[in-house]
Amino acid sequence: MPFAFRLDCTDGPARAGSMDTPHGRVPTPAFMPVATQGSVKAVAPDDLAAIGAAIVLSNTYHLMLRPGIELIREMGGLHRFMGWRGPILTDSGGFQTLSLGSLSHLSEEGVTFRSHVDGSEWFLSPELAVEYQEALGVDVAMALDHCPPYESGEAAVREAMERTHRWALRCRQAHRSGEQALFAVVQGGVSRELRLESAAALTAMDFDGYAVGGLSVGEPKAMTYETVSLMGETLPADKPRYLMGAGSPEDLVECIGLGMDVFDCSLPTRVARNGGLFTPDGRVNVHSAPFRERAGPIDENCDCYACASFSAAYLHHLFRAKELLAYRLASVHNLRFVTRLMEEARSAIVNGRYAEFRDGFLARYRATDEAVRQSQREKWRRRR
RNA sequence: GGAGGGGUGGGUGAGCGGCUAAUACCACCAGACUGUAAAUCUGGCGCCCGGAAGGGCUUCGUAGGUUCGAAUCCUACCCCCUCCA
């Protein structure tokens, strides 16, 4: 089955739809757990299925370094290799030109970089990124882009954007697979003008979907939302919009409201491994003292395996003892939290009550967050 | 009974005349984390005042002593460990 996106309904800028892929349907809004190296850290595919995750993201960059694209191809493709039957989207490695900036060098041809694994020298071009993703057999491939740091000047942002466009075209031309979708990445920093220009240039090349890249890289939140909002208004309505790298509960709820369909983020799983757990009343740290004797689950109303089966005190203990189960349970919980958030958002959109849903969620999530901070501040003050 | 070694902040354990309110690790208390080089990183951790800079007070088994100055040297005492009998 070739890739197809269907928009089911809208509620203001918010959209409910679905992406059909060779490995199944993805209802949107959708959150993609991040499986950088072919594994969502600390959780198994069974867990992902139980969580209700419809699609996961993996990374071409990491997989090419280890274990190597050719090996995965020989093992029957990434799906078989990692034991995941559902859809997979791979990032091209574009983000690593930023996050591993000190190890990489950009040229028009592509990016040369040193492996963080063994120091060896590697090269990735738009053509290779496409070839590799085809070899991995993933459902959605991303065009290689250049994601500049937030601190970059206007000229550098423009340069990165224009290079991204040229690379996107090369990816488009190199892309052969009829089954696999290819998404392009809009760049342009927080400049309205550049973003409009980028969206127009890439839309003209006709991709299967459009990602908004270059955000959540340290810019003020207001600028993120402003840019996302602009993209929600600008990108073609009949194609999926993927906001790359955003995944805090607040960002998800806000950005769905601004017209985004798909998200990925390492935050839920990374934060989980450090004891940070999402609840409707804000993020809590189960490693902290207040949870030592809490008999109830982390979140009374959560239907995840961790909350259904274990007390907060037990999770607290697992973290203190550095038991490996802690990472799994916490990751399962956070992934279920954001996945359920997607389900609830979709339902709200379908019922034409998205604004209400969003405002209600944010008010509660932030209010308690703020109350907790306030009480912490007072605690500090009293101690001193 | 004889010979030797040792007692340092919640724990392990450095220091062995001034640079030491005292290294480091752990524990503990917090914070950060957004297309994952992350089961990571950062800060705090004797008491009091201060937002901080900083200031004051009390600490290295106990009690004395030597010295301008002691966790560091001396004496006595208490306790612990090892080996021999």
# chains A, B, ... in the order shown; residues from 1 in each chain; ligands from 1

$ closest_atom_pairs --of "chain A" --to "chain B" --cutoff "7 Å" --atoms "only C-alpha atoms (C1' of nucleotides)" --output "tab-separated table"
residue	atom	partner	partner_atom	distance
A:Thr36	CA	B:U36	C1'	6.6
A:Asp91	CA	B:G35	C1'	6.4
A:Phe95	CA	B:G35	C1'	6.0
A:His116	CA	B:A37	C1'	5.7
A:Ser216	CA	B:U34	C1'	5.8
A:Met244	CA	B:G35	C1'	4.7
A:Gly245	CA	B:G35	C1'	4.6
A:Ala246	CA	B:U34	C1'	5.0
A:Gly247	CA	B:U34	C1'	5.8
A:Ser248	CA	B:U34	C1'	6.5
A:Asp264	CA	B:G35	C1'	6.8
A:Cys265	CA	B:U34	C1'	5.9
A:Ser266	CA	B:U36	C1'	5.8
A:Leu267	CA	B:U34	C1'	5.4
A:Val271	CA	B:C33	C1'	6.4
A:Arg273	CA	B:A39	C1'	5.9
A:Tyr327	CA	B:A39	C1'	6.9

$ write_last_selection --atoms "N, CA and C atoms" --output "PDB file, in the first residue's frame"
ATOM      1  N   THR A  36      16.176   5.946  18.286  1.00  0.00           N
ATOM      2  CA  THR A  36      17.356   6.415  17.573  1.00  0.00           C
ATOM      3  C   THR A  36      18.184   5.290  16.967  1.00  0.00           C
ATOM      4  N   ASP A  91      14.748   9.699  10.591  1.00  0.00           N
ATOM      5  CA  ASP A  91      15.353  10.991  10.382  1.00  0.00           C
ATOM      6  C   ASP A  91      16.576  10.751   9.501  1.00  0.00           C
ATOM      7  N   PHE A  95      19.756  16.545  11.658  1.00  0.00           N
ATOM      8  CA  PHE A  95      19.870  17.155  12.976  1.00  0.00           C
ATOM      9  C   PHE A  95      21.261  16.957  13.568  1.00  0.00           C
ATOM     10  N   HIS A 116      31.066   9.374  16.225  1.00  0.00           N
ATOM     11  CA  HIS A 116      31.234   9.506  17.673  1.00  0.00           C
ATOM     12  C   HIS A 116      31.509   8.152  18.297  1.00  0.00           C
ATOM     13  N   SER A 216      12.676  24.294  18.594  1.00  0.00           N
ATOM     14  CA  SER A 216      13.015  23.641  19.863  1.00  0.00           C
ATOM     15  C   SER A 216      14.527  23.426  19.963  1.00  0.00           C
ATOM     16  N   MET A 244       9.193  18.609  14.050  1.00  0.00           N
ATOM     17  CA  MET A 244      10.315  17.789  14.508  1.00  0.00           C
ATOM     18  C   MET A 244      10.840  18.233  15.866  1.00  0.00           C
ATOM     19  N   GLY A 245      11.038  17.262  16.724  1.00  0.00           N
ATOM     20  CA  GLY A 245      11.731  17.545  17.980  1.00  0.00           C
ATOM     21  C   GLY A 245      10.906  18.201  19.059  1.00  0.00           C
ATOM     22  N   ALA A 246       9.590  18.274  18.878  1.00  0.00           N
ATOM     23  CA  ALA A 246       8.755  18.864  19.925  1.00  0.00           C
ATOM     24  C   ALA A 246       7.965  17.747  20.585  1.00  0.00           C
ATOM     25  N   GLY A 247       7.919  17.744  21.901  1.00  0.00           N
ATOM     26  CA  GLY A 247       7.230  16.631  22.538  1.00  0.00           C
ATOM     27  C   GLY A 247       6.956  16.782  24.014  1.00  0.00           C
ATOM     28  N   SER A 248       7.122  17.992  24.564  1.00  0.00           N
ATOM     29  CA  SER A 248       6.647  18.161  25.929  1.00  0.00           C
ATOM     30  C   SER A 248       5.127  18.195  25.831  1.00  0.00           C
ATOM     31  N   ASP A 264       7.721  14.109  17.093  1.00  0.00           N
ATOM     32  CA  ASP A 264       8.651  13.143  17.674  1.00  0.00           C
ATOM     33  C   ASP A 264       9.472  13.906  18.693  1.00  0.00           C
ATOM     34  N   CYS A 265       9.958  13.201  19.668  1.00  0.00           N
ATOM     35  CA  CYS A 265      10.751  13.886  20.675  1.00  0.00           C
ATOM     36  C   CYS A 265      11.405  12.876  21.613  1.00  0.00           C
ATOM     37  N   SER A 266      12.639  13.140  21.955  1.00  0.00           N
ATOM     38  CA  SER A 266      13.321  12.257  22.897  1.00  0.00           C
ATOM     39  C   SER A 266      12.948  12.602  24.326  1.00  0.00           C
ATOM     40  N   LEU A 267      12.331  13.771  24.506  1.00  0.00           N
ATOM     41  CA  LEU A 267      12.060  14.249  25.863  1.00  0.00           C
ATOM     42  C   LEU A 267      11.289  13.259  26.752  1.00  0.00           C
ATOM     43  N   VAL A 271      13.541  12.091  29.808  1.00  0.00           N
ATOM     44  CA  VAL A 271      13.120  12.601  31.103  1.00  0.00           C
ATOM     45  C   VAL A 271      12.680  11.437  32.007  1.00  0.00           C
ATOM     46  N   ARG A 273      13.784   8.404  32.039  1.00  0.00           N
ATOM     47  CA  ARG A 273      14.944   7.675  32.564  1.00  0.00           C
ATOM     48  C   ARG A 273      15.614   8.414  33.715  1.00  0.00           C
ATOM     49  N   TYR A 327      13.558   2.264  34.515  1.00  0.00           N
ATOM     50  CA  TYR A 327      13.622   2.964  33.230  1.00  0.00           C
ATOM     51  C   TYR A 327      12.502   2.521  32.306  1.00  0.00           C
TER      52      TYR A 327
END

$ residues_around --residues "Phe337 in chain A" --least-positions-apart "2" --cutoff "10 Å" --atoms "only C-alpha atoms (C1' of nucleotides)" --output "MDAnalysis selection string"
chainID A and resid 51 249 268 277:280 299 302:304 331:335 339:343

$ write_last_selection --atoms "C-alpha atoms" --output "JSON list (two decimals), in the first residue's frame"
[["chain", "number", "residue", "atom", "x", "y", "z"],
["A", 51, "ILE", "CA", 1.08, 1.90, 24.83],
["A", 249, "PRO", "CA", 2.96, 17.78, 26.80],
["A", 268, "PRO", "CA", 9.39, 11.85, 27.18],
["A", 277, "LEU", "CA", 7.02, 11.61, 34.94],
["A", 278, "PHE", "CA", 4.16, 13.40, 33.24],
["A", 279, "THR", "CA", 0.88, 13.77, 35.06],
["A", 280, "PRO", "CA", -2.18, 15.89, 34.29],
["A", 299, "ASP", "CA", -1.30, 9.05, 38.19],
["A", 302, "CYS", "CA", -3.46, 6.66, 33.92],
["A", 303, "ASP", "CA", -4.08, 3.38, 32.11],
["A", 304, "CYS", "CA", -0.44, 2.52, 31.52],
["A", 331, "SER", "CA", 9.33, 5.26, 29.84],
["A", 332, "VAL", "CA", 6.15, 3.26, 29.39],
["A", 333, "HIS", "CA", 4.30, 5.75, 31.54],
["A", 334, "ASN", "CA", 5.48, 8.87, 29.73],
["A", 335, "LEU", "CA", 4.96, 7.36, 26.30],
["A", 339, "THR", "CA", 0.08, 8.84, 23.26],
["A", 340, "ARG", "CA", -3.14, 9.20, 25.22],
["A", 341, "LEU", "CA", -2.81, 12.95, 24.86],
["A", 342, "MET", "CA", -2.86, 12.40, 21.09],
["A", 343, "GLU", "CA", -5.93, 10.21, 21.36]]

$ closest_residue --among "A:Ala295, A:Ile69, A:Ile349, A:Ala326" --to "Val43 in chain A" --atoms "only C-alpha atoms"
A:Ala326

$ select_by_dssp --residues "range 2-232 of chain A" --states "alpha helix (DSSP H)" --output "mmCIF file with C-alpha atoms, in the first residue's frame"
data_model
loop_
_atom_site.group_PDB
_atom_site.id
_atom_site.type_symbol
_atom_site.label_atom_id
_atom_site.label_comp_id
_atom_site.auth_asym_id
_atom_site.auth_seq_id
_atom_site.Cartn_x
_atom_site.Cartn_y
_atom_site.Cartn_z
ATOM 1 C CA PRO A 45 8.028 -3.444 20.846
ATOM 2 C CA ASP A 46 5.435 -5.253 22.972
ATOM 3 C CA ASP A 47 5.420 -2.288 25.318
ATOM 4 C CA LEU A 48 4.979 0.082 22.396
ATOM 5 C CA ALA A 49 2.013 -1.907 21.179
ATOM 6 C CA ALA A 50 0.467 -1.817 24.653
ATOM 7 C CA ILE A 51 1.084 1.900 24.828
ATOM 8 C CA THR A 60 19.738 6.957 9.629
ATOM 9 C CA TYR A 61 22.774 8.658 11.039
ATOM 10 C CA HIS A 62 23.142 6.365 14.041
ATOM 11 C CA LEU A 63 22.249 3.218 12.141
ATOM 12 C CA MET A 64 24.777 3.860 9.388
ATOM 13 C CA LEU A 65 27.525 4.103 11.980
ATOM 14 C CA ILE A 69 22.883 0.073 6.725
ATOM 15 C CA GLU A 70 24.052 -2.905 4.712
ATOM 16 C CA LEU A 71 23.812 -5.216 7.689
ATOM 17 C CA ILE A 72 20.259 -4.138 8.420
ATOM 18 C CA ARG A 73 19.328 -4.620 4.781
ATOM 19 C CA GLU A 74 20.787 -8.126 4.889
ATOM 20 C CA LEU A 78 14.766 -2.283 9.877
ATOM 21 C CA HIS A 79 11.299 -3.582 10.735
ATOM 22 C CA ARG A 80 12.452 -7.163 10.985
ATOM 23 C CA PHE A 81 15.722 -6.219 12.571
ATOM 24 C CA MET A 82 14.126 -4.340 15.448
ATOM 25 C CA GLN A 96 23.229 15.579 13.743
ATOM 26 C CA THR A 97 24.918 18.242 11.648
ATOM 27 C CA LEU A 98 23.820 20.468 14.492
ATOM 28 C CA SER A 99 24.055 18.278 17.572
ATOM 29 C CA PRO A 126 21.206 13.853 0.131
ATOM 30 C CA GLU A 127 21.489 10.956 -2.306
ATOM 31 C CA LEU A 128 23.040 8.656 0.275
ATOM 32 C CA ALA A 129 20.458 9.627 2.885
ATOM 33 C CA VAL A 130 17.708 8.594 0.485
ATOM 34 C CA GLU A 131 19.516 5.433 -0.578
ATOM 35 C CA TYR A 132 20.088 4.394 3.024
ATOM 36 C CA GLN A 133 16.526 4.999 4.070
ATOM 37 C CA GLU A 134 15.308 2.968 1.134
ATOM 38 C CA ALA A 135 17.679 0.191 2.122
ATOM 39 C CA LEU A 136 16.297 0.309 5.654
ATOM 40 C CA GLU A 154 20.214 35.751 9.659
ATOM 41 C CA ALA A 155 22.733 35.092 6.892
ATOM 42 C CA ALA A 156 23.655 31.686 8.270
ATOM 43 C CA VAL A 157 20.013 30.751 8.716
ATOM 44 C CA ARG A 158 19.307 31.731 5.128
ATOM 45 C CA GLU A 159 22.278 29.787 3.902
ATOM 46 C CA ALA A 160 21.190 26.694 5.806
ATOM 47 C CA MET A 161 17.687 27.080 4.456
ATOM 48 C CA GLU A 162 18.782 27.444 0.856
ATOM 49 C CA ARG A 163 21.106 24.483 1.167
ATOM 50 C CA THR A 164 18.202 22.533 2.657
ATOM 51 C CA HIS A 165 16.142 23.370 -0.443
ATOM 52 C CA ARG A 166 18.870 22.269 -2.834
ATOM 53 C CA TRP A 167 19.387 19.097 -0.848
ATOM 54 C CA ALA A 168 15.644 18.471 -0.729
ATOM 55 C CA LEU A 169 15.474 18.637 -4.511
ATOM 56 C CA ARG A 170 18.365 16.199 -4.794
ATOM 57 C CA CYS A 171 16.612 13.862 -2.371
ATOM 58 C CA ARG A 172 13.412 14.154 -4.388
ATOM 59 C CA GLN A 173 15.253 13.257 -7.566
ATOM 60 C CA ALA A 174 17.146 10.398 -5.960
ATOM 61 C CA ARG A 192 8.676 34.810 9.157
ATOM 62 C CA GLU A 193 10.033 35.777 5.776
ATOM 63 C CA LEU A 194 12.432 32.849 5.543
ATOM 64 C CA ARG A 195 9.864 30.371 6.749
ATOM 65 C CA LEU A 196 7.381 31.487 4.123
ATOM 66 C CA GLU A 197 10.053 31.279 1.491
ATOM 67 C CA SER A 198 11.105 27.818 2.646
ATOM 68 C CA ALA A 199 7.569 26.473 2.784
ATOM 69 C CA ALA A 200 6.868 27.786 -0.724
ATOM 70 C CA ALA A 201 10.071 26.386 -2.199
ATOM 71 C CA LEU A 202 9.530 22.918 -0.755
ATOM 72 C CA THR A 203 5.816 22.810 -1.485
ATOM 73 C CA LYS A 221 8.825 29.515 23.395
ATOM 74 C CA ALA A 222 6.768 32.383 22.012
ATOM 75 C CA MET A 223 8.885 32.340 18.850
ATOM 76 C CA THR A 224 8.447 28.593 18.501
ATOM 77 C CA TYR A 225 4.686 28.873 18.632
ATOM 78 C CA GLU A 226 4.624 31.868 16.328
ATOM 79 C CA THR A 227 6.637 29.987 13.738
ATOM 80 C CA VAL A 228 4.606 26.811 14.124
ATOM 81 C CA SER A 229 1.429 28.836 13.768
ATOM 82 C CA LEU A 230 2.686 30.386 10.556
ATOM 83 C CA MET A 231 3.511 26.949 9.201
ATOM 84 C CA GLY A 232 0.089 25.680 10.174
#

$ atom_distance --atom1 "CA of Ala330 in chain A" --atom2 "CA of Ala312 in chain A"
10.4 Å

$ residues_around --residues "C25 in chain B" --least-positions-apart "6" --cutoff "12 Å" --atoms "only C-alpha atoms (C1' of nucleotides)" --output "PyMOL selection string"
chain B and resi 11-14

$ residues_around --residues "C80 in chain B" --least-positions-apart "2" --cutoff "12 Å" --atoms "only C-alpha atoms (C1' of nucleotides)" --output "JSON, numbers by chain"
{"B": [5, 6, 7, 61, 78, 82]}

$ write_last_selection --atoms "C-alpha atoms (C1' of nucleotides)" --output "PDB file, in the first residue's frame"
ATOM      1  C1'   G B   5      48.114  -0.545  63.343  1.00  0.00           C
ATOM      2  C1'   G B   6      44.120   2.827  63.832  1.00  0.00           C
ATOM      3  C1'   G B   7      40.059   6.403  65.616  1.00  0.00           C
ATOM      4  C1'   G B  61      37.897   9.826  69.810  1.00  0.00           C
ATOM      5  C1'   C B  78      38.994   5.859  76.291  1.00  0.00           C
ATOM      6  C1'   U B  82      45.642  -7.519  63.406  1.00  0.00           C
TER       7        U B  82
END

$ closest_residue --among "A:Glu300, A:Arg320, A:Tyr314, A:Leu235" --to "Ser288 in chain A" --atoms "only C-alpha atoms"
A:Arg320

$ atom_distance --atom1 "CA of Ala211 in chain A" --atom2 "CA of Leu243 in chain A"
5.6 Å

$ atom_distance --atom1 "CA of Arg15 in chain A" --atom2 "CA of Lys239 in chain A"
11.1 Å

$ select_by_dssp --residues "range 108-236 of chain A" --states "strand (DSSP E)" --output "compact mmCIF listing (two decimals) with N, CA and C atoms, in the first residue's frame"
# COMPACT_ATOMS: atom_id res chain seq x y z
N VAL A 111 27.63 16.25 4.08
CA VAL A 111 28.27 16.51 5.36
C VAL A 111 29.30 15.42 5.65
N THR A 112 30.49 15.88 5.98
CA THR A 112 31.56 14.97 6.37
C THR A 112 31.65 15.03 7.88
N PHE A 113 31.74 13.90 8.50
CA PHE A 113 31.78 13.94 9.97
C PHE A 113 32.59 12.78 10.52
N ARG A 114 32.97 12.97 11.75
CA ARG A 114 33.69 11.91 12.46
C ARG A 114 32.68 11.13 13.28
N GLU A 121 36.04 8.55 9.75
CA GLU A 121 35.44 9.61 8.96
C GLU A 121 34.34 9.06 8.06
N TRP A 122 33.24 9.80 7.99
CA TRP A 122 32.08 9.38 7.22
C TRP A 122 31.57 10.54 6.37
N PHE A 123 30.75 10.16 5.41
CA PHE A 123 30.17 11.18 4.53
C PHE A 123 28.70 10.85 4.29
N LEU A 124 27.88 11.89 4.37
CA LEU A 124 26.45 11.69 4.11
C LEU A 124 25.98 12.78 3.16
N VAL A 140 8.50 6.07 6.08
CA VAL A 140 8.67 7.49 5.73
C VAL A 140 10.13 7.86 5.84
N ALA A 141 10.67 8.40 4.77
CA ALA A 141 12.05 8.87 4.77
C ALA A 141 12.05 10.39 4.87
N MET A 142 13.09 10.93 5.49
CA MET A 142 13.21 12.38 5.58
C MET A 142 14.33 12.85 4.65
N ALA A 181 7.26 6.95 1.62
CA ALA A 181 7.00 8.39 1.52
C ALA A 181 8.29 9.16 1.75
N LEU A 182 8.34 10.34 1.21
CA LEU A 182 9.49 11.22 1.44
C LEU A 182 8.98 12.58 1.90
N PHE A 183 9.44 12.98 3.08
CA PHE A 183 9.07 14.29 3.63
C PHE A 183 10.24 15.25 3.49
N ALA A 184 9.93 16.50 3.29
CA ALA A 184 10.97 17.53 3.27
C ALA A 184 10.89 18.32 4.57
N VAL A 185 11.97 19.03 4.86
CA VAL A 185 12.04 19.78 6.12
C VAL A 185 12.13 21.27 5.86
N VAL A 186 11.15 22.00 6.35
CA VAL A 186 11.17 23.45 6.24
C VAL A 186 12.15 24.01 7.26
N GLY A 209 4.96 14.83 2.51
CA GLY A 209 4.64 15.49 3.76
C GLY A 209 5.70 16.55 4.04
N TYR A 210 5.38 17.43 4.97
CA TYR A 210 6.31 18.51 5.26
C TYR A 210 6.60 18.58 6.76
N ALA A 211 7.87 18.64 7.05
CA ALA A 211 8.27 18.75 8.44
C ALA A 211 8.70 20.17 8.73
N VAL A 212 8.47 20.60 9.94
CA VAL A 212 8.97 21.88 10.40
C VAL A 212 10.19 21.58 11.25

$ residues_around --residues "U58 in chain B" --least-positions-apart "4" --cutoff "10 Å" --atoms "only C-alpha atoms (C1' of nucleotides)" --output "PyMOL selection string"
chain B and resi 21+46-47

$ write_last_selection --atoms "C-alpha atoms (C1' of nucleotides)" --output "mmCIF file, in the first residue's frame"
data_model
loop_
_atom_site.group_PDB
_atom_site.id
_atom_site.type_symbol
_atom_site.label_atom_id
_atom_site.label_comp_id
_atom_site.auth_asym_id
_atom_site.auth_seq_id
_atom_site.Cartn_x
_atom_site.Cartn_y
_atom_site.Cartn_z
ATOM 1 C "C1'" A B 21 35.078 24.118 57.160
ATOM 2 C "C1'" G B 46 28.634 21.629 59.995
ATOM 3 C "C1'" C B 47 25.567 25.848 62.367
#

$ residues_around --residues "Ser311 in chain A" --least-positions-apart "4" --cutoff "8 Å" --atoms "only C-alpha atoms (C1' of nucleotides)" --output "short mmCIF file (atom, residue, chain, number, x, y, z; two decimals) with C-alpha atoms, in the first residue's frame"
data_model
loop_
_atom_site.label_atom_id
_atom_site.label_comp_id
_atom_site.auth_asym_id
_atom_site.auth_seq_id
_atom_site.Cartn_x
_atom_site.Cartn_y
_atom_site.Cartn_z
CA ARG A 294 3.21 7.14 48.24
CA ALA A 295 1.01 4.07 48.06
CA GLY A 296 -1.03 5.08 45.03
CA PRO A 297 0.16 5.08 41.42
CA ILE A 298 1.94 8.03 39.84
CA CYS A 307 0.27 2.96 36.90
CA LEU A 315 8.92 3.33 41.28
#

$ residues_around --residues "A3 in chain B" --least-positions-apart "6" --cutoff "12 Å" --atoms "only C-alpha atoms (C1' of nucleotides)" --output "ChimeraX atom specification"
/B:82-85

$ closest_residue --among "B:C16, B:G1, B:C45, B:G10" --to "A70 in chain B" --atoms "only C-alpha atoms (C1' of nucleotides)"
B:C16

$ decode --residues "range 63-83 of chain B" --atoms "N, CA and C atoms (P, O5', C5', C4', C3', O3' and C1' of nucleotides)" --output "compact mmCIF listing (two decimals), in the first residue's frame"
# COMPACT_ATOMS: atom_id res chain seq x y z
P A B 63 37.05 17.16 75.12
O5' A B 63 38.22 17.09 76.20
C5' A B 63 37.91 16.85 77.57
C4' A B 63 39.19 16.78 78.37
C3' A B 63 40.15 17.94 78.16
O3' A B 63 39.76 19.08 78.88
C1' A B 63 41.34 15.91 78.13
P G B 64 40.50 20.46 78.58
O5' G B 64 41.88 20.26 79.34
C5' G B 64 42.99 21.01 78.95
C4' G B 64 44.24 20.33 79.43
C3' G B 64 45.51 20.95 78.88
O3' G B 64 45.89 22.07 79.64
C1' G B 64 45.58 18.63 78.51
P G B 65 46.30 23.40 78.86
O5' G B 65 47.69 23.03 78.17
C5' G B 65 48.80 22.67 78.99
C4' G B 65 49.87 22.01 78.17
C3' G B 65 50.55 22.84 77.10
O3' G B 65 51.49 23.74 77.64
C1' G B 65 50.16 20.66 76.30
P U B 66 51.89 25.05 76.81
O5' U B 66 52.76 24.47 75.60
C5' U B 66 54.04 23.91 75.85
C4' U B 66 54.68 23.53 74.54
C3' U B 66 54.74 24.65 73.50
O3' U B 66 55.84 25.51 73.72
C1' U B 66 53.96 22.66 72.49
P U B 67 55.63 27.07 73.60
O5' U B 67 55.28 27.30 72.08
C5' U B 67 56.26 27.04 71.07
C4' U B 67 55.63 27.17 69.71
C3' U B 67 54.87 28.48 69.46
O3' U B 67 55.76 29.53 69.11
C1' U B 67 53.59 26.64 68.68
P C B 68 55.53 30.96 69.76
O5' C B 68 54.25 31.52 69.00
C5' C B 68 53.53 32.63 69.55
C4' C B 68 52.51 33.09 68.54
C3' C B 68 51.61 32.00 68.01
O3' C B 68 50.50 31.80 68.87
C1' C B 68 52.47 33.22 66.19
P G B 69 50.08 30.30 69.20
O5' G B 69 49.56 29.77 67.80
C5' G B 69 48.33 30.28 67.27
C4' G B 69 48.09 29.72 65.90
C3' G B 69 48.03 28.20 65.82
O3' G B 69 46.71 27.75 66.12
C1' G B 69 49.43 29.01 64.11
P A B 70 46.54 26.26 66.79
O5' A B 70 47.01 25.27 65.62
C5' A B 70 46.27 25.12 64.39
C4' A B 70 46.18 23.64 64.12
C3' A B 70 45.24 22.99 65.13
O3' A B 70 44.14 22.46 64.47
C1' A B 70 47.43 21.99 65.17
P A B 71 43.03 22.14 63.87
O5' A B 71 42.84 20.60 63.52
C5' A B 71 42.25 19.71 64.43
C4' A B 71 42.55 18.28 64.04
C3' A B 71 44.03 17.93 64.02
O3' A B 71 44.43 17.49 65.31
C1' A B 71 43.04 17.27 61.99
P U B 72 46.01 17.31 65.63
O5' U B 72 46.44 16.16 64.64
C5' U B 72 47.78 15.68 64.58
C4' U B 72 48.29 15.75 63.17
C3' U B 72 49.74 16.16 63.07
O3' U B 72 50.51 15.03 62.65
C1' U B 72 48.39 17.30 61.47
P C B 73 51.06 13.99 63.78
O5' C B 73 52.05 14.89 64.66
C5' C B 73 53.42 15.04 64.31
C4' C B 73 54.16 15.70 65.44
C3' C B 73 53.84 15.12 66.82
O3' C B 73 54.63 13.98 67.09
C1' C B 73 53.69 17.48 66.90
P C B 74 54.11 12.86 68.09
O5' C B 74 54.26 13.58 69.50
C5' C B 74 55.55 13.87 70.03
C4' C B 74 55.40 14.44 71.43
C3' C B 74 54.55 13.59 72.37
O3' C B 74 55.31 12.56 72.96
C1' C B 74 53.85 15.85 72.49
P U B 75 54.63 11.18 73.41
O5' U B 75 53.80 11.64 74.69
C5' U B 75 54.48 12.04 75.89
C4' U B 75 53.47 12.40 76.95
C3' U B 75 52.37 11.37 77.17
O3' U B 75 52.81 10.31 78.00
C1' U B 75 51.44 13.54 77.08
P A B 76 52.16 8.86 77.84
O5' A B 76 50.77 9.08 78.58
C5' A B 76 50.73 9.33 79.99
C4' A B 76 49.33 9.72 80.41
C3' A B 76 48.24 8.73 80.01
O3' A B 76 48.15 7.64 80.91
C1' A B 76 47.55 10.91 79.46
P C B 77 47.69 6.20 80.35
O5' C B 77 46.13 6.47 80.16
C5' C B 77 45.30 6.77 81.29
C4' C B 77 43.95 7.26 80.83
C3' C B 77 43.18 6.30 79.94
O3' C B 77 42.51 5.30 80.70
C1' C B 77 43.09 8.46 79.01
P C B 78 42.28 3.86 80.00
O5' C B 78 41.06 4.18 79.01
C5' C B 78 39.79 4.58 79.54
C4' C B 78 38.83 4.88 78.42
C3' C B 78 38.73 3.78 77.36
O3' C B 78 37.84 2.75 77.76
C1' C B 78 38.99 5.86 76.29
P C B 79 38.17 1.25 77.25
O5' C B 79 37.79 1.29 75.71
C5' C B 79 36.43 1.49 75.32
C4' C B 79 36.36 1.76 73.84
C3' C B 79 36.91 0.66 72.94
O3' C B 79 35.98 -0.39 72.75
C1' C B 79 37.72 2.76 72.21
P C B 80 36.54 -1.86 72.40
O5' C B 80 36.97 -1.73 70.87
C5' C B 80 35.97 -1.54 69.86
C4' C B 80 36.64 -1.36 68.52
C3' C B 80 37.55 -2.51 68.09
O3' C B 80 36.80 -3.58 67.51
C1' C B 80 38.66 -0.46 67.73
P C B 81 37.36 -5.09 67.65
O5' C B 81 38.49 -5.12 66.52
C5' C B 81 38.14 -4.96 65.15
C4' C B 81 39.40 -4.84 64.32
C3' C B 81 40.38 -5.99 64.47
O3' C B 81 40.01 -7.09 63.65
C1' C B 81 41.54 -3.93 64.59
P U B 82 40.46 -8.59 64.10
O5' U B 82 41.99 -8.61 63.68
C5' U B 82 42.37 -8.54 62.31
C4' U B 82 43.88 -8.48 62.19
C3' U B 82 44.61 -9.60 62.92
O3' U B 82 44.65 -10.79 62.15
C1' U B 82 45.64 -7.52 63.41
P C B 83 44.68 -12.23 62.92
O5' C B 83 46.19 -12.30 63.41
C5' C B 83 47.24 -12.45 62.45
C4' C B 83 48.58 -12.22 63.13
C3' C B 83 48.89 -13.15 64.30
O3' C B 83 49.37 -14.41 63.88
C1' C B 83 49.39 -10.91 64.90
